[in-house]
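This report refers to the structure that appears directly beneath it.
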Amino acid sequence: MKSEASAGTELNPTSMKNAGAPPQTWGQKLKMIGPGFVVAATGVGTADMITAIVIGTSFGMTFVWAIIVGAILKYFLNEGVGRWYLATGQTILQGWHSLGRWATGYFGVYSVIWGYIYGAAAALTCGLGMHAMFPIMPVWAWAVVHSLVGFALVWTGRYLLFERIMTVLIGVMFITIIGTALLFLPSLGEFAGGIVPKVPDGSFVLALGLIGGVGGTITMASYGYWLKEKGWNGKGWISIMRLDAKAAYAMTGLFSMAALIIGAKFLYGTDVELRGDQGLINLAQMLGEEFGTPLRWLFLVAFWSAAFTSLLGVWNGVPYLFADFIKTIRLKKGEVKSVKPVSEKEPMYRLYLAWLTFPPMLIFFFGKPVELIILYGALGALFMPFLAISLVVLLNSKRVEAEYRNKWLANAVLIGSVLMFVFLGIHELLNIFK
């Protein structure tokens with residue numbers, strides 16, 4: 001990788017296949033998009049599906065506006081990560097390190113604990129979805145299979161293969177959920193009514209949770225690495241990156257909207273309560289009873305696709321962050337700009353990939369340690385405000401050329417997201433320590 005602002009770095013073989021002048025025509029640009037879909041699909045998991053469906057069940061089409069706001073907010077966060085990388089040639093870890101060792105230290109502790117808990121949760125969710133379709137093995141056995149498949153796929157170090165598999169799964173996930181929602185299309189009046197912001201009594205935190213949950217996880221910080229793997233290096237690719245991110249979060253918004261519609265039109269006014277991933281399995285059964293077995297299968301396939309894309313995206317993306325973290329903390333003062341890019345075949349990348357895959361299997365058999373869950377929740381509640389604050393600071397600093405710094409709209413959205421995430425973080429922390 002040799003961006004215009006980064007000396008001493010090198011392109012890896014995957015990047016070299018795709019490197020070159022940025023496309024100029026609209027058609028050429030559309031053919032290039034991809035990394036944003038990987039980020040967005042990784043962030044849209046079964047938890048987002050259940051959140052949107054539950055809110056639709058409780059409040060109908062009231063929160064269409066919240067999904068739109070959430071997609072816009074996450075676009076600005078994702079665009080900020082991508083712009084930082086393309087405008088400076090530095091990864092987000094290098095940016096955090098420039099803010100002080102406290103920032104990289106926080107990420108280091110968080111990534112180790114988060115990886116252990118998430119490794120188990122993601123695999124078990126995949127196992128639950130597969131077991132619902134093929135109950136030939138217990139959930140934990142299917143979870144082990146998914147962990148190992150993700151490990152093997154990412155170990156190959158072939159980003160383009162990974163992106164193609166993710167694209168297929170994304171297509172399956174979106175087509176099935178949006179196809180299901182077409183059975184329950186609301187009237188234009190209902191939809192338009194949901195665009196006008198309203199917050200019924202007792203729904204404020206739910207609304208913020210829906211906004212904050214539209215396709216957002218730690219993998220948003222991995223966007224720069226996926227841009228690098230795609231061969232997008234330098235300021236000339238910023239417009240392509242923005243199109244990529246806009247397309248990705250438009251699709252994410254549609255996905256969340258479809259889930260909201262399913263809840264609003266199929267379950268609204270009923271006494272049905274959906275809780276956790278098992279709630280989605282129960283919903284698939286209900287859809288099958290109402291509309292036939294094929295729809296049950298379609299919904300289960302969508303559930304599994306959402307779970308497995310989240311697993312694959314994390315297995316591929318977060319090891320970049322960890323390997324970059326190790327490289328960055330080993331730098332001496334003043335060496336940040338000369339750090340070489342992270343490769344999928346580096347020992348630290350593969351070490352973290354193994355950390356996501358094998359130690360969490362203990363949780364399948366022994367359960368989740370309570371103390372670790374509390375620390376995981378506490379650190380997790382702080383991550384999104386940490387990302388938003390760091391982007392406000394970095395993208396308004398002299399580290400970025402004036403042309404590529406935040407404009408007033410980006411600053412307004414990011415500062416608004418900081419306030420929202422801080423509120424949600426405090427709320428989460430209060431719940432943890434009740």
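Ordering of the structure tokens sets the chain letters (A, B, ...), residue numbers begin anew at 1 in every chain, and ligands are numbered from 1 in the order given.
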
Spatial neighbours of stretch 410-419 of chain A, max dist 6 Å, only C-alpha atoms, sep filter under 4 positions, as an MDAnalysis selection string: chainID A and resid 385 388 406

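With only C-alpha atoms taken into account, the protein and nucleic acid residues at most 9 Å from A:Ala52 (excluding it and anything under 2 positions from it in its own chain) are Ala47, Asp48, Met49, Ile50, Val54, Ile55, Gly56, Thr57, Ile67, Leu210, Ser256, Met257, Ala258, Ala259, Leu260, Ile261, Ile262 and Gly263 of chain A.
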
If you take only C-alpha atoms and a cut-off of 7 Å, which residues of stretch 56-162 of chain A touch stretch 185-203 of chain A, and what are their nearest atom pairs and distances in Å to one decimal, in chain and number order, as a Markdown table?
| residue | atom | partner | partner_atom | distance |
| --- | --- | --- | --- | --- |
| A:Met61 | CA | A:Gly194 | CA | 5.2 |
| A:Thr62 | CA | A:Gly194 | CA | 4.4 |
| A:Phe63 | CA | A:Gly194 | CA | 5.6 |
| A:Val64 | CA | A:Gly194 | CA | 4.7 |
| A:Trp65 | CA | A:Ile195 | CA | 4.5 |

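When atom CA of A:Trp304 is paired with atom CA of A:Pro319, their separation reads 22.9 Å.
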
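The interatomic distance for the pair atom CA of A:Val422 and atom CA of A:Gly317 works out to 24.9 Å.
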
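The shell of residues at most 7 Å from stretch 126-143 of chain A, with only C-alpha atoms counted and near chain neighbours (fewer than 3 positions) removed, consists of Ala122, Ala123, His146, Ser147, Leu300, Phe303, Trp304, Ala307, Phe308 and Phe364 of chain A.
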
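In this structure, atom CA of A:Gln94 sits 21.5 Å away from atom CA of A:Gly313.
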
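The shortest atom-to-atom distance to A:Thr91, with only C-alpha atoms taken into account, belongs to A:Leu227 out of A:Leu227, A:Leu254, A:Ala302, A:Ile53.
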
Residues near A:Ser222, cut-off 10 Å, only C-alpha atoms, skip fewer than 3 positions along chain, as number ranges by chain: A: 35, 38-39, 78, 81-82, 91-93, 217-219, 225-227, 313-314, 316-321

Filtered DSSP result for stretch 7-92 of chain A, state helix (DSSP H, G or I), as a ChimeraX atom specification: /A:13-18,26-32,35-43,46-59,64-88,92

For A:Val172: contacts at 8 Å, only C-alpha atoms, fewer than 3 positions along chain excluded, given as a ChimeraX atom specification: /A:168-169,175-176,301-302,305

Per residue of stretch 286-375 of chain A within 12 Å of stretch 106-110 of chain A, what are the shortest atom pair and its distance in Å to one decimal, counting only C-alpha atoms, with rows by chain and residue number, as JSON lines?
{"residue": "A:Val318", "atom": "CA", "partner": "A:Phe107", "partner_atom": "CA", "distance": 11.2}
{"residue": "A:Pro319", "atom": "CA", "partner": "A:Gly108", "partner_atom": "CA", "distance": 11.6}
{"residue": "A:Leu321", "atom": "CA", "partner": "A:Phe107", "partner_atom": "CA", "distance": 9.1}
{"residue": "A:Phe322", "atom": "CA", "partner": "A:Gly108", "partner_atom": "CA", "distance": 7.3}
{"residue": "A:Ala323", "atom": "CA", "partner": "A:Gly108", "partner_atom": "CA", "distance": 10.2}
{"residue": "A:Asp324", "atom": "CA", "partner": "A:Gly108", "partner_atom": "CA", "distance": 10.3}
{"residue": "A:Phe325", "atom": "CA", "partner": "A:Gly108", "partner_atom": "CA", "distance": 6.9}
{"residue": "A:Ile326", "atom": "CA", "partner": "A:Gly108", "partner_atom": "CA", "distance": 8.5}
{"residue": "A:Lys327", "atom": "CA", "partner": "A:Gly108", "partner_atom": "CA", "distance": 11.7}
{"residue": "A:Thr328", "atom": "CA", "partner": "A:Gly108", "partner_atom": "CA", "distance": 10.9}
{"residue": "A:Ile329", "atom": "CA", "partner": "A:Gly108", "partner_atom": "CA", "distance": 9.7}
{"residue": "A:Tyr352", "atom": "CA", "partner": "A:Gly108", "partner_atom": "CA", "distance": 11.5}
{"residue": "A:Leu372", "atom": "CA", "partner": "A:Tyr110", "partner_atom": "CA", "distance": 11.1}
{"residue": "A:Ile373", "atom": "CA", "partner": "A:Tyr110", "partner_atom": "CA", "distance": 11.9}
{"residue": "A:Leu375", "atom": "CA", "partner": "A:Tyr110", "partner_atom": "CA", "distance": 8.9}
